[in-house]
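Student: File target03.tsv below, TSV, C-alpha atoms:
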chain	number	residue	atom	x	y	z
D	5	MET	CA	-19.57	5.81	8.54
D	6	LEU	CA	-22.62	4.31	6.83
D	7	GLU	CA	-23.17	7.51	4.85
D	8	GLU	CA	-19.65	7.07	3.48
D	9	ALA	CA	-20.61	3.69	2.00
D	10	GLU	CA	-23.66	5.26	0.37
D	11	LYS	CA	-21.53	8.05	-1.08
D	12	ILE	CA	-19.15	5.50	-2.60
D	13	GLY	CA	-22.10	3.68	-4.14
D	14	ARG	CA	-23.47	6.92	-5.59
D	15	ARG	CA	-20.07	7.79	-7.06
D	16	VAL	CA	-19.91	4.36	-8.69
D	17	ARG	CA	-23.41	4.81	-10.12
D	18	ARG	CA	-22.61	8.27	-11.51
D	19	ALA	CA	-19.41	7.01	-13.13
D	20	ARG	CA	-21.28	4.05	-14.65
D	21	LEU	CA	-24.07	6.23	-16.03
D	22	ARG	CA	-21.52	8.68	-17.41
D	23	LEU	CA	-20.26	5.82	-19.60
D	24	GLY	CA	-23.79	4.82	-20.60
D	25	MET	CA	-23.27	1.41	-19.02
D	26	THR	CA	-26.15	-0.66	-17.65
D	27	GLN	CA	-25.92	-2.46	-14.33
D	28	ALA	CA	-26.03	-5.76	-16.21
D	29	ASP	CA	-23.09	-4.82	-18.45
D	30	PHE	CA	-21.12	-3.52	-15.50
D	31	ALA	CA	-21.82	-6.71	-13.56
D	32	ALA	CA	-20.64	-8.83	-16.49
D	33	ALA	CA	-17.38	-6.85	-16.71
D	34	LEU	CA	-16.76	-7.42	-13.00
D	35	GLY	CA	-17.81	-11.07	-13.00
D	36	LYS	CA	-20.63	-10.26	-10.57
D	37	THR	CA	-24.43	-10.36	-10.69
D	38	GLN	CA	-26.65	-7.37	-11.41
D	39	GLY	CA	-28.06	-7.72	-7.89
D	40	TRP	CA	-24.55	-7.38	-6.45
D	41	VAL	CA	-23.99	-4.17	-8.42
D	42	SER	CA	-27.35	-2.80	-7.30
D	43	LYS	CA	-26.57	-3.46	-3.63
D	44	MET	CA	-23.08	-2.02	-3.96
D	45	GLU	CA	-24.39	1.17	-5.55
D	46	ARG	CA	-26.86	1.55	-2.66
D	47	GLY	CA	-24.05	1.19	-0.12
D	48	HIS	CA	-25.15	-2.26	1.09
D	49	ILE	CA	-22.03	-4.07	-0.14
D	50	GLU	CA	-18.52	-2.93	0.69
D	51	LEU	CA	-15.58	-2.82	-1.71
D	52	ASP	CA	-13.57	-4.63	0.95
D	53	ARG	CA	-10.55	-5.75	-1.08
D	54	VAL	CA	-8.06	-3.44	-2.73
D	55	GLY	CA	-8.10	-5.61	-5.83
D	56	LEU	CA	-11.89	-5.37	-6.06
D	57	LEU	CA	-11.90	-1.59	-5.55
D	58	ASN	CA	-9.25	-1.18	-8.23
D	59	LEU	CA	-11.11	-3.44	-10.65
D	60	VAL	CA	-14.33	-1.44	-10.20
D	61	ALA	CA	-12.44	1.82	-10.78
D	62	SER	CA	-10.64	0.40	-13.82
D	63	GLU	CA	-13.88	-0.67	-15.49
D	64	LEU	CA	-15.27	2.83	-14.89
D	65	HIS	CA	-12.05	4.49	-16.13
D	66	VAL	CA	-11.58	6.52	-12.96
D	67	HIS	CA	-8.96	6.50	-10.21
D	68	PRO	CA	-9.92	4.44	-7.13
D	69	ASN	CA	-9.54	7.57	-4.98
D	70	ASP	CA	-12.28	9.24	-7.02
D	71	LEU	CA	-14.71	6.55	-5.85
D	72	ILE	CA	-13.82	6.49	-2.17
D	73	GLY	CA	-13.37	10.25	-1.72
D	74	ARG	CA	-9.70	10.11	-0.78
D	75	PRO	CA	-7.89	12.07	0.64
D	76	TYR	CA	-10.55	11.93	3.30
D	77	ASN	CA	-12.07	15.09	4.75
D	78	SER	CA	-10.62	15.75	8.18
D	79	ALA	CA	-9.74	18.60	10.51
D	80	PRO	CA	-7.59	21.41	9.03
D	81	SER	CA	-4.73	20.42	11.34
D	82	GLU	CA	-4.75	16.94	9.78
D	83	ASN	CA	-4.64	18.32	6.23
D	84	GLN	CA	-1.36	20.22	6.63
D	85	TRP	CA	0.52	17.36	5.00
D	86	GLN	CA	-0.81	18.62	1.66
D	87	VAL	CA	1.40	21.71	2.06
D	88	SER	CA	4.46	19.45	2.22
D	89	ALA	CA	3.17	17.37	-0.70
D	90	ALA	CA	2.86	20.54	-2.81
D	91	ALA	CA	6.44	21.53	-1.93
D	92	ILE	CA	7.68	18.08	-3.00
D	93	MET	CA	5.74	18.32	-6.26
D	94	ARG	CA	7.38	21.69	-6.94
D	95	GLU	CA	10.86	20.19	-6.47
D	96	LEU	CA	10.09	17.19	-8.66
D	97	ARG	CA	8.69	19.34	-11.47
D	98	ARG	CA	11.91	21.34	-11.76
D	99	TYR	CA	14.14	18.24	-11.69
D	100	ASP	CA	16.09	19.31	-14.80
D	101	LEU	CA	16.50	22.97	-13.86
D	102	ALA	CA	19.32	24.47	-11.82
D	103	PRO	CA	18.46	23.73	-8.17
D	104	VAL	CA	17.67	26.65	-5.88
D	105	PHE	CA	19.98	25.96	-2.95
D	106	ASP	CA	21.86	28.42	-0.75
D	107	GLY	CA	25.34	27.41	0.34
D	108	THR	CA	27.29	24.25	-0.33
D	109	PRO	CA	25.45	20.92	-0.29
D	110	ARG	CA	26.73	18.33	2.13
D	111	PRO	CA	28.56	15.24	0.80
D	112	ALA	CA	26.55	12.17	-0.16
D	113	ALA	CA	27.64	10.27	2.95
D	114	ARG	CA	25.99	12.94	5.12
D	115	LEU	CA	22.82	12.85	3.02
D	116	TRP	CA	22.62	9.09	3.43
D	117	GLN	CA	22.77	9.66	7.19
D	118	GLU	CA	19.75	11.95	6.82
D	119	THR	CA	17.79	9.12	5.18
D	120	THR	CA	18.10	7.03	8.35
D	121	ARG	CA	15.64	9.45	9.95
D	122	LEU	CA	13.25	8.78	7.08
D	123	HIS	CA	13.62	5.04	7.66
D	124	ARG	CA	12.57	5.48	11.29
D	125	LEU	CA	9.61	7.66	10.37
D	126	ARG	CA	8.52	5.27	7.63
D	127	ASP	CA	8.74	2.29	9.99
D	128	ALA	CA	6.61	4.19	12.50
D	129	ALA	CA	4.03	4.90	9.75
D	130	ALA	CA	4.55	8.63	10.41
D	131	ASN	CA	3.83	9.54	6.81
D	132	VAL	CA	3.05	13.20	7.44
D	133	ALA	CA	6.45	13.67	9.10
D	134	VAL	CA	8.12	11.90	6.16
D	135	LEU	CA	6.65	14.42	3.73
D	136	GLN	CA	7.77	17.33	5.92
D	137	VAL	CA	11.41	16.23	5.78
D	138	LEU	CA	11.60	15.57	2.04
D	139	PRO	CA	11.45	18.95	0.22
D	140	ASP	CA	14.77	20.18	1.65
D	141	LEU	CA	16.49	16.81	1.26
D	142	LEU	CA	15.40	16.44	-2.36
D	143	ARG	CA	16.62	19.98	-3.08
D	144	GLU	CA	20.01	19.33	-1.47
D	145	ALA	CA	20.51	15.99	-3.22
D	146	ARG	CA	19.76	17.62	-6.56
D	147	ALA	CA	22.16	20.47	-5.76
D	148	LEU	CA	24.91	17.97	-4.92
D	149	ALA	CA	24.37	16.18	-8.23
D	150	GLU	CA	24.71	19.52	-10.02
D	151	VAL	CA	28.08	20.46	-8.51
D	152	SER	CA	29.77	17.05	-8.21
D	153	THR	CA	31.19	14.46	-10.58
D	154	GLY	CA	31.88	10.75	-10.75
D	155	TYR	CA	30.90	8.51	-7.85
D	156	GLU	CA	29.77	11.43	-5.67
D	157	ARG	CA	27.37	12.58	-8.37
D	158	GLU	CA	25.99	9.06	-8.77
D	159	GLU	CA	25.43	8.82	-5.02
D	160	ALA	CA	23.59	12.15	-5.04
D	161	TYR	CA	21.19	10.75	-7.62
D	162	ALA	CA	20.81	7.59	-5.54
D	163	VAL	CA	19.80	9.67	-2.51
D	164	TYR	CA	17.34	11.57	-4.72
D	165	ALA	CA	15.81	8.28	-5.96
D	166	VAL	CA	15.43	6.89	-2.44
D	167	CYS	CA	13.81	10.15	-1.30
D	168	CYS	CA	11.34	9.72	-4.17
D	169	LYS	CA	10.59	6.25	-2.84
D	170	PHE	CA	9.85	7.61	0.65
D	171	ALA	CA	7.53	10.21	-0.86
D	172	HIS	CA	5.87	7.52	-2.97
D	173	THR	CA	5.07	5.36	0.06
D	174	ALA	CA	3.71	8.30	2.06
D	175	ALA	CA	1.63	9.55	-0.89
D	176	HIS	CA	0.04	6.11	-1.28
D	177	ALA	CA	-0.76	5.98	2.43
D	178	LEU	CA	-2.32	9.46	2.50
D	179	GLY	CA	-4.08	9.30	-0.88
D	180	HIS	CA	-2.27	11.73	-3.22
D	181	PRO	CA	-2.29	10.13	-6.70
D	182	GLU	CA	-0.46	12.99	-8.46
D	183	LEU	CA	2.45	12.75	-6.05
D	184	VAL	CA	2.44	8.97	-6.41
D	185	ALA	CA	2.79	9.22	-10.19
D	186	MET	CA	5.45	11.92	-10.19
D	187	THR	CA	7.66	10.29	-7.56
D	188	CYS	CA	7.56	7.07	-9.56
D	189	GLU	CA	8.74	8.86	-12.72
D	190	ARG	CA	11.52	10.76	-10.95
D	191	ALA	CA	12.71	7.68	-9.10
D	192	ALA	CA	13.16	5.85	-12.42
D	193	TRP	CA	15.02	8.85	-13.89
D	194	SER	CA	17.41	9.30	-10.96
D	195	ALA	CA	17.93	5.54	-10.49
D	196	ARG	CA	19.33	5.31	-14.03
D	197	LEU	CA	21.81	8.10	-13.23
D	198	SER	CA	22.82	6.68	-9.86
D	199	GLY	CA	25.17	3.87	-10.81
D	200	ASP	CA	23.43	1.70	-8.20
D	201	PRO	CA	22.75	-1.67	-9.91
D	202	VAL	CA	19.67	-2.41	-7.75
D	203	LEU	CA	17.93	0.98	-7.76
D	204	PRO	CA	16.29	0.62	-11.21
D	205	ALA	CA	14.63	-2.57	-9.95
D	206	VAL	CA	13.42	-0.67	-6.88
D	207	ALA	CA	11.90	1.97	-9.18
D	208	ASP	CA	10.14	-0.83	-11.08
D	209	TRP	CA	8.87	-2.16	-7.73
D	210	MET	CA	7.24	1.26	-7.25
D	211	ARG	CA	5.70	1.12	-10.74
D	212	VAL	CA	4.17	-2.29	-10.00
D	213	TRP	CA	2.36	-0.74	-7.03
D	214	ASP	CA	0.99	1.99	-9.30
D	215	MET	CA	-0.23	-0.54	-11.86
D	216	TRP	CA	-2.50	-2.01	-9.23
D	217	ALA	CA	-4.57	1.20	-9.24
D	218	THR	CA	-5.71	0.40	-12.78
D	219	ALA	CA	-6.04	-3.37	-12.20
D	220	ASP	CA	-3.30	-4.10	-14.75
D	221	TRP	CA	-2.40	-7.42	-13.17
D	222	ASP	CA	-0.70	-8.93	-16.23
D	223	ASP	CA	1.47	-5.86	-16.76
D	224	SER	CA	2.38	-5.72	-13.09
D	225	LEU	CA	3.54	-9.35	-13.23
D	226	ALA	CA	5.51	-8.74	-16.41
D	227	LEU	CA	7.21	-5.69	-14.88
D	228	SER	CA	8.00	-7.63	-11.68
D	229	ASP	CA	9.69	-10.34	-13.72
D	230	LYS	CA	11.64	-7.76	-15.74
D	231	ALA	CA	12.93	-6.22	-12.51
D	232	ILE	CA	13.68	-9.66	-11.03
D	233	ARG	CA	15.77	-10.56	-14.10
D	234	SER	CA	17.73	-7.32	-13.76
D	235	VAL	CA	19.04	-8.36	-10.31
D	236	GLN	CA	19.09	-12.13	-10.89
D	237	GLN	CA	22.88	-12.46	-11.30
D	238	ASP	CA	23.59	-10.50	-8.13
D	239	TYR	CA	20.90	-12.52	-6.35
D	240	ASP	CA	22.56	-15.76	-7.46
D	241	ARG	CA	25.88	-14.46	-6.08
D	242	GLY	CA	24.20	-13.69	-2.78
D	243	GLU	CA	24.63	-9.91	-2.87
D	244	PRO	CA	22.56	-8.82	0.18
D	245	LEU	CA	20.87	-5.80	-1.40
D	246	ALA	CA	20.01	-7.80	-4.52
D	247	VAL	CA	18.60	-10.65	-2.41
D	248	ARG	CA	16.42	-8.16	-0.54
D	249	ALA	CA	15.16	-6.55	-3.77
D	250	TRP	CA	14.58	-9.94	-5.46
D	251	GLY	CA	12.51	-11.17	-2.53
D	252	THR	CA	10.53	-7.95	-2.28
D	253	LEU	CA	9.71	-8.11	-5.98
D	254	GLN	CA	8.46	-11.68	-5.55
D	255	LEU	CA	6.08	-10.42	-2.84
D	256	ARG	CA	4.83	-7.72	-5.21
D	257	ALA	CA	4.26	-10.39	-7.85
D	258	ALA	CA	2.45	-12.63	-5.34
D	259	VAL	CA	-0.09	-9.88	-4.64
D	260	SER	CA	-0.52	-9.21	-8.37
D	261	ALA	CA	-1.10	-12.91	-9.05
D	262	ALA	CA	-3.62	-13.17	-6.19
D	263	ARG	CA	-5.61	-10.22	-7.51
D	264	ALA	CA	-5.52	-11.75	-10.98
D	265	GLY	CA	-7.03	-14.96	-9.55
D	266	ARG	CA	-3.88	-17.00	-10.14
D	267	LYS	CA	-3.86	-18.92	-6.88
D	268	SER	CA	-1.03	-21.36	-7.59
D	269	GLU	CA	1.26	-18.65	-8.95
D	270	ALA	CA	0.59	-16.44	-5.94
D	271	LYS	CA	1.63	-19.26	-3.60
D	272	ASP	CA	4.71	-20.06	-5.71
D	273	ARG	CA	5.80	-16.43	-5.51
D	274	ILE	CA	5.42	-16.45	-1.73
D	275	GLU	CA	7.65	-19.53	-1.56
D	276	HIS	CA	10.28	-17.81	-3.75
D	277	ALA	CA	10.22	-14.85	-1.37
D	278	ARG	CA	10.50	-17.20	1.61
D	279	THR	CA	13.62	-18.72	0.04
D	280	ALA	CA	15.13	-15.26	-0.39
D	281	ALA	CA	14.34	-14.37	3.23
D	282	HIS	CA	16.03	-17.59	4.37
D	283	ARG	CA	19.11	-16.68	2.31
D	284	MET	CA	19.24	-13.34	4.12
D	285	THR	CA	19.36	-15.05	7.51
D	286	GLU	CA	22.30	-17.18	6.32
D	287	THR	CA	24.42	-14.17	5.31
D	288	VAL	CA	27.66	-14.04	7.28
D	289	GLY	CA	29.45	-10.89	8.32
D	290	PRO	CA	28.15	-7.53	9.53
D	291	PRO	CA	24.65	-6.55	8.39
D	292	VAL	CA	24.45	-4.54	5.18
D	293	TYR	CA	22.74	-1.16	5.45
D	294	ASP	CA	19.39	-1.27	3.62
D	295	ARG	CA	19.90	1.92	1.65
D	296	HIS	CA	16.85	1.18	-0.54
D	297	SER	CA	14.54	0.99	2.49
D	298	LEU	CA	12.91	-2.30	1.51
D	299	THR	CA	11.19	-3.88	4.50
D	300	PHE	CA	11.99	-7.49	3.70
D	301	SER	CA	12.30	-10.25	6.30
D	302	PRO	CA	10.84	-13.69	7.13
D	303	GLY	CA	8.11	-11.91	9.09
D	304	ASN	CA	7.22	-9.69	6.16
D	305	VAL	CA	6.95	-12.76	3.91
D	306	GLN	CA	4.57	-14.36	6.40
D	307	ILE	CA	2.22	-11.38	6.67
D	308	HIS	CA	2.21	-11.12	2.86
D	309	ALA	CA	1.15	-14.78	2.70
D	310	ILE	CA	-1.78	-13.89	4.97
D	311	SER	CA	-2.64	-10.83	2.88
D	312	VAL	CA	-2.48	-12.86	-0.35
D	313	ALA	CA	-4.89	-15.45	1.12
D	314	LEU	CA	-7.33	-12.63	1.88
D	315	GLU	CA	-7.04	-11.21	-1.64
D	316	MET	CA	-8.25	-14.63	-2.81
D	317	HIS	CA	-11.04	-14.48	-0.18
D	318	GLU	CA	-9.59	-17.39	1.79
D	319	GLN	CA	-10.05	-15.97	5.28
D	320	ARG	CA	-9.78	-19.33	7.04
D	321	GLU	CA	-6.44	-19.98	5.36
D	322	ALA	CA	-5.35	-16.49	6.43
D	323	LEU	CA	-6.36	-17.13	10.06
D	324	SER	CA	-4.69	-20.55	9.99
D	325	LEU	CA	-1.45	-18.98	8.73
D	326	ASP	CA	-1.63	-16.40	11.51
D	327	ARG	CA	-2.09	-19.08	14.18
D	328	ARG	CA	1.05	-20.82	12.90
D	329	THR	CA	3.06	-17.59	13.01
D	330	GLY	CA	5.15	-16.91	16.09
D	331	ARG	CA	4.27	-13.66	17.84
D	332	GLU	CA	7.94	-12.73	18.01
D	333	VAL	CA	8.06	-12.72	14.18
D	334	ILE	CA	5.25	-10.16	14.04
D	335	GLU	CA	6.60	-8.07	16.92
D	336	ALA	CA	9.94	-7.74	15.11
D	337	LEU	CA	8.26	-5.93	12.21
D	338	PRO	CA	8.06	-2.13	12.02
D	339	ASN	CA	4.80	-0.47	13.05
D	340	SER	CA	3.89	0.24	9.42
D	341	ARG	CA	3.85	-3.47	8.58
D	342	ARG	CA	2.27	-4.55	11.90
D	343	GLY	CA	-0.53	-2.03	11.35
D	344	HIS	CA	-1.26	-3.52	7.92
D	345	HIS	CA	-1.15	-7.03	9.37
D	346	HIS	CA	-3.73	-6.38	12.09
D	347	MET	CA	-5.89	-4.58	9.52
D	348	ASP	CA	-5.82	-7.78	7.47
D	349	LEU	CA	-6.70	-9.91	10.49
D	350	ALA	CA	-9.66	-7.64	11.25
D	351	ARG	CA	-10.97	-8.32	7.77
D	352	ALA	CA	-10.37	-12.06	8.11
D	353	TRP	CA	-12.28	-12.27	11.41
D	354	LEU	CA	-15.12	-10.18	10.01
D	355	TRP	CA	-15.49	-12.46	6.99
D	356	ASP	CA	-15.35	-15.43	9.35
D	357	GLY	CA	-18.31	-14.03	11.28
D	358	ASN	CA	-16.54	-12.87	14.45
D	359	ARG	CA	-17.18	-9.13	14.73
D	360	ASP	CA	-15.72	-8.85	18.24
D	361	ARG	CA	-12.37	-10.27	17.14
D	362	ALA	CA	-12.50	-8.11	14.01
D	363	LEU	CA	-13.00	-4.95	16.04
D	364	GLY	CA	-10.26	-5.98	18.45
D	365	GLU	CA	-7.77	-6.40	15.60
D	366	LEU	CA	-8.82	-3.08	14.08
D	367	GLU	CA	-8.31	-1.33	17.42
D	368	LYS	CA	-4.89	-2.95	17.69
D	369	ALA	CA	-3.98	-1.77	14.19
D	370	GLU	CA	-5.05	1.77	15.04
D	371	SER	CA	-3.05	1.81	18.27
D	372	ILE	CA	0.09	0.67	16.41
D	373	ALA	CA	-0.17	2.89	13.31
D	374	PRO	CA	-3.04	5.39	13.76
D	375	GLN	CA	-2.19	7.65	10.83
D	376	LEU	CA	-1.90	4.72	8.44
D	377	VAL	CA	-5.07	2.94	9.56
D	378	ARG	CA	-7.36	5.98	9.72
D	379	ASN	CA	-6.41	6.84	6.13
D	380	HIS	CA	-6.68	3.30	4.74
D	381	PRO	CA	-9.78	2.51	2.64
D	382	ILE	CA	-9.88	-1.14	3.70
D	383	ALA	CA	-9.75	-0.26	7.40
D	384	ARG	CA	-12.63	2.15	6.90
D	385	SER	CA	-14.55	-0.45	4.90
D	386	THR	CA	-14.02	-3.04	7.63
D	387	LEU	CA	-15.23	-0.65	10.33
D	388	ARG	CA	-18.30	0.29	8.28
D	389	SER	CA	-19.15	-3.39	7.86
D	390	ILE	CA	-18.89	-3.96	11.62
D	391	VAL	CA	-21.07	-0.91	12.38
D	392	TYR	CA	-23.69	-1.95	9.82
D	393	ALA	CA	-23.79	-5.55	11.08
D	394	GLU	CA	-24.11	-4.41	14.70
D	395	ARG	CA	-26.99	-2.09	13.82
D	396	ALA	CA	-28.72	-4.79	11.81
D	397	SER	CA	-28.29	-7.26	14.66
D	398	THR	CA	-29.69	-4.77	17.17
D	399	ARG	CA	-32.68	-4.04	14.93
D	400	GLU	CA	-33.42	-7.77	14.66
D	401	LYS	CA	-33.21	-8.26	18.42
D	402	LEU	CA	-35.57	-5.33	18.97
D	403	ARG	CA	-38.03	-6.67	16.40
D	404	ARG	CA	-38.13	-10.07	18.08
D	405	MET	CA	-38.62	-8.54	21.52
D	406	SER	CA	-41.30	-6.24	20.10
D	407	ASP	CA	-43.11	-9.34	18.76
D	408	ARG	CA	-42.89	-11.04	22.14
D	409	PHE	CA	-44.31	-7.93	23.83
D	410	HIS	CA	-46.98	-7.63	21.11
D	411	LEU	CA	-46.13	-3.93	20.76
D	412	ASP	CA	-47.75	-3.79	17.34
D	413	GLY	CA	-50.99	-5.37	18.55
Can you present the structure in this file as structure tokens?

Tutor:
Amino acid sequence: MLEEAEKIGRRVRRARLRLGMTQADFAAALGKTQGWVSKMERGHIELDRVGLLNLVASELHVHPNDLIGRPYNSAPSENQWQVSAAAIMRELRRYDLAPVFDGTPRPAARLWQETTRLHRLRDAAANVAVLQVLPDLLREARALAEVSTGYEREEAYAVYAVCCKFAHTAAHALGHPELVAMTCERAAWSARLSGDPVLPAVADWMRVWDMWATADWDDSLALSDKAIRSVQQDYDRGEPLAVRAWGTLQLRAAVSAARAGRKSEAKDRIEHARTAAHRMTETVGPPVYDRHSLTFSPGNVQIHAISVALEMHEQREALSLDRRTGREVIEALPNSRRGHHHMDLARAWLWDGNRDRALGELEKAESIAPQLVRNHPIARSTLRSIVYAERASTREKLRRMSDRFHLDG
């Protein structure tokens, strides 16, 4: 684990030297000291916030994954997801060619039923399984669009766009930047052809996520607001899917604002999202199927508020928010979101100086969503920090005991 931190530091140093940049210039660009850069390049300081990692990568003009060595090296059995990712890439590349599909594609209503399985897998953070399902479903949705007309054709494109969104989420979780970029492009293309008034905003929501990789905070906020405006009228009318998308976009904007250092705006965005979540609970009638697969609820707003506090390095505020959050609110969330939440709490406790609580939260996150947590750079960074601190503490205890025993005398 500690060697991984050193490798990240060496990659940062090589990228900096490749640009002919001094440590002092790099530090100035990051708003840090030269000493901080020196320690980071030697693996003594962790890039323990996504916003910080992305800012470092942006200043070096590389992808964040290039610095942290992601996808991570693991056993061959754990790398089989890349076979599915390649199959999805192949389907997405030939999006405007005649689909290769034997037989007659099922109607859109049946394909929507297939996406419910993807919802369950996504909620369980089973990202490898998500990728395994998608090649055939993308191919069939595209085939349906080719042979149908009118509303049925639009629905086929909507299924295709939502499948792109599932692939996008899994690719982010597993560390496949090419698949991330291509699914985002194809989602925007198919959303425009779908006739679904909310789907283009969902595609923009995906693009905002991608803008974070290059630390384009201003652009990500501008795009969030563009998408919010596109669903504003339906939100004002209380259309359930528009309310869900509007609130989710506000959460995206809150994270962007936090990473940009705009504390008051980040908190305002959280409150806007909280209002949208409250409106959802007031909706009368049978629940509306979340065809866009946007995990939006009062609980999700609360864990985003905690995450936003951490992005602004306010760990005590994050822990205070968690103490005021009912356990039933967290337990109602899918495993994917609960895993992220306990990962955040691990970081908060570590920064607050309680390594035992930090490790406990990290273990809880891993037990809930193992695939997600083991592949997440912040979880790995948190664990490295705990290991390093424990070793340093042990060394200090041994030194003091050695002095008392006069072992060096």

Student: What are the closest atom pairs, with distances in Å to one decimal, for each residue of segment 301-350 of chain D lying within 12 Å of segment 375-384 of chain D, using only C-alpha atoms, rows by chain and rising residue number, as JSON lines?

Tutor:
{"residue": "D:Leu314", "atom": "CA", "partner": "D:Ile382", "partner_atom": "CA", "distance": 11.9}
{"residue": "D:Glu315", "atom": "CA", "partner": "D:Ile382", "partner_atom": "CA", "distance": 11.7}
{"residue": "D:Asn339", "atom": "CA", "partner": "D:Leu376", "partner_atom": "CA", "distance": 9.6}
{"residue": "D:Ser340", "atom": "CA", "partner": "D:Leu376", "partner_atom": "CA", "distance": 7.4}
{"residue": "D:Arg341", "atom": "CA", "partner": "D:Leu376", "partner_atom": "CA", "distance": 10.0}
{"residue": "D:Arg342", "atom": "CA", "partner": "D:Leu376", "partner_atom": "CA", "distance": 10.7}
{"residue": "D:Gly343", "atom": "CA", "partner": "D:Val377", "partner_atom": "CA", "distance": 7.0}
{"residue": "D:His344", "atom": "CA", "partner": "D:Val377", "partner_atom": "CA", "distance": 7.7}
{"residue": "D:His345", "atom": "CA", "partner": "D:Val377", "partner_atom": "CA", "distance": 10.7}
{"residue": "D:His346", "atom": "CA", "partner": "D:Val377", "partner_atom": "CA", "distance": 9.7}
{"residue": "D:Met347", "atom": "CA", "partner": "D:Ala383", "partner_atom": "CA", "distance": 6.2}
{"residue": "D:Asp348", "atom": "CA", "partner": "D:Ala383", "partner_atom": "CA", "distance": 8.5}
{"residue": "D:Leu349", "atom": "CA", "partner": "D:Ala383", "partner_atom": "CA", "distance": 10.6}
{"residue": "D:Ala350", "atom": "CA", "partner": "D:Ala383", "partner_atom": "CA", "distance": 8.3}

Student: Leaving out Ile334 of chain D and any residue of its chain fewer than 2 positions from it, which residues lie within 10 Å of it when counting all atoms listed in the file, given as an mmCIF file with C-alpha atoms, in the coordinates of the input?

Tutor:
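Everything below was put into selection-v6.cif:
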data_model
loop_
_atom_site.group_PDB
_atom_site.id
_atom_site.type_symbol
_atom_site.label_atom_id
_atom_site.label_comp_id
_atom_site.auth_asym_id
_atom_site.auth_seq_id
_atom_site.Cartn_x
_atom_site.Cartn_y
_atom_site.Cartn_z
ATOM 1 C CA PRO D 302 10.840 -13.690 7.130
ATOM 2 C CA GLY D 303 8.110 -11.910 9.090
ATOM 3 C CA ASN D 304 7.220 -9.690 6.160
ATOM 4 C CA GLN D 306 4.570 -14.360 6.400
ATOM 5 C CA ILE D 307 2.220 -11.380 6.670
ATOM 6 C CA ASP D 326 -1.630 -16.400 11.510
ATOM 7 C CA THR D 329 3.060 -17.590 13.010
ATOM 8 C CA GLY D 330 5.150 -16.910 16.090
ATOM 9 C CA ARG D 331 4.270 -13.660 17.840
ATOM 10 C CA GLU D 332 7.940 -12.730 18.010
ATOM 11 C CA ALA D 336 9.940 -7.740 15.110
ATOM 12 C CA LEU D 337 8.260 -5.930 12.210
ATOM 13 C CA PRO D 338 8.060 -2.130 12.020
ATOM 14 C CA ASN D 339 4.800 -0.470 13.050
ATOM 15 C CA ARG D 341 3.850 -3.470 8.580
ATOM 16 C CA ARG D 342 2.270 -4.550 11.900
ATOM 17 C CA HIS D 345 -1.150 -7.030 9.370
ATOM 18 C CA HIS D 346 -3.730 -6.380 12.090
#

Student: When you count all atoms listed in the file, which of these residues is closest to Lys169 of chain D: D:Arg351, D:His282, D:His276, D:Arg190?

Tutor: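 Ranked by minimum distance to Lys169 of chain D, first place goes to D:Arg190.
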
Student: Please report the interatomic distance between atom CA of Tyr155 of chain D and atom CA of Ser198 of chain D in Å with one decimal.

Tutor: 8.5 Å

Student: Any idea what's packed within 7 Å of segment 68-77 of chain D, counting all atoms listed in the file, ignoring anything in its chain fewer than 4 positions away? Could you give it as a ChimeraX atom specification?

Tutor: /D:12,15-16,57-58,61,178-180,217

Student: In Å, rounded to a single decimal, give me how far atom CA of Ala322 of chain D is from atom CA of Ala257 of chain D.

Tutor: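 Going from atom CA of Ala257 of chain D over to atom CA of Ala322 of chain D, I get 18.3 Å.
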
Student: Hey, which of D:Arg388, D:Arg248, D:Lys401, D:Arg233 ends up closest to Gly47 of chain D? Count all atoms listed in the file.

Tutor: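 Using all atoms listed in the file, the shortest distance to Gly47 of chain D belongs to D:Arg388.
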
Student: Could you tell me, as a short mmCIF file (atom, residue, chain, number, x, y, z; two decimals) with C-alpha atoms, in the coordinates of the input, which residues have any atom at most 12 Å from (7.7, 21.0, -0.8), counting all atoms listed in the file?

Tutor:
data_model
loop_
_atom_site.label_atom_id
_atom_site.label_comp_id
_atom_site.auth_asym_id
_atom_site.auth_seq_id
_atom_site.Cartn_x
_atom_site.Cartn_y
_atom_site.Cartn_z
CA GLN D 84 -1.36 20.22 6.63
CA TRP D 85 0.52 17.36 5.00
CA GLN D 86 -0.81 18.62 1.66
CA VAL D 87 1.40 21.71 2.06
CA SER D 88 4.46 19.45 2.22
CA ALA D 89 3.17 17.37 -0.70
CA ALA D 90 2.86 20.54 -2.81
CA ALA D 91 6.44 21.53 -1.93
CA ILE D 92 7.68 18.08 -3.00
CA MET D 93 5.74 18.32 -6.26
CA ARG D 94 7.38 21.69 -6.94
CA GLU D 95 10.86 20.19 -6.47
CA LEU D 96 10.09 17.19 -8.66
CA ARG D 97 8.69 19.34 -11.47
CA ARG D 98 11.91 21.34 -11.76
CA VAL D 134 8.12 11.90 6.16
CA LEU D 135 6.65 14.42 3.73
CA GLN D 136 7.77 17.33 5.92
CA VAL D 137 11.41 16.23 5.78
CA LEU D 138 11.60 15.57 2.04
CA PRO D 139 11.45 18.95 0.22
CA ASP D 140 14.77 20.18 1.65
CA LEU D 141 16.49 16.81 1.26
CA LEU D 142 15.40 16.44 -2.36
CA ARG D 143 16.62 19.98 -3.08
CA ALA D 171 7.53 10.21 -0.86
CA LEU D 183 2.45 12.75 -6.05
#
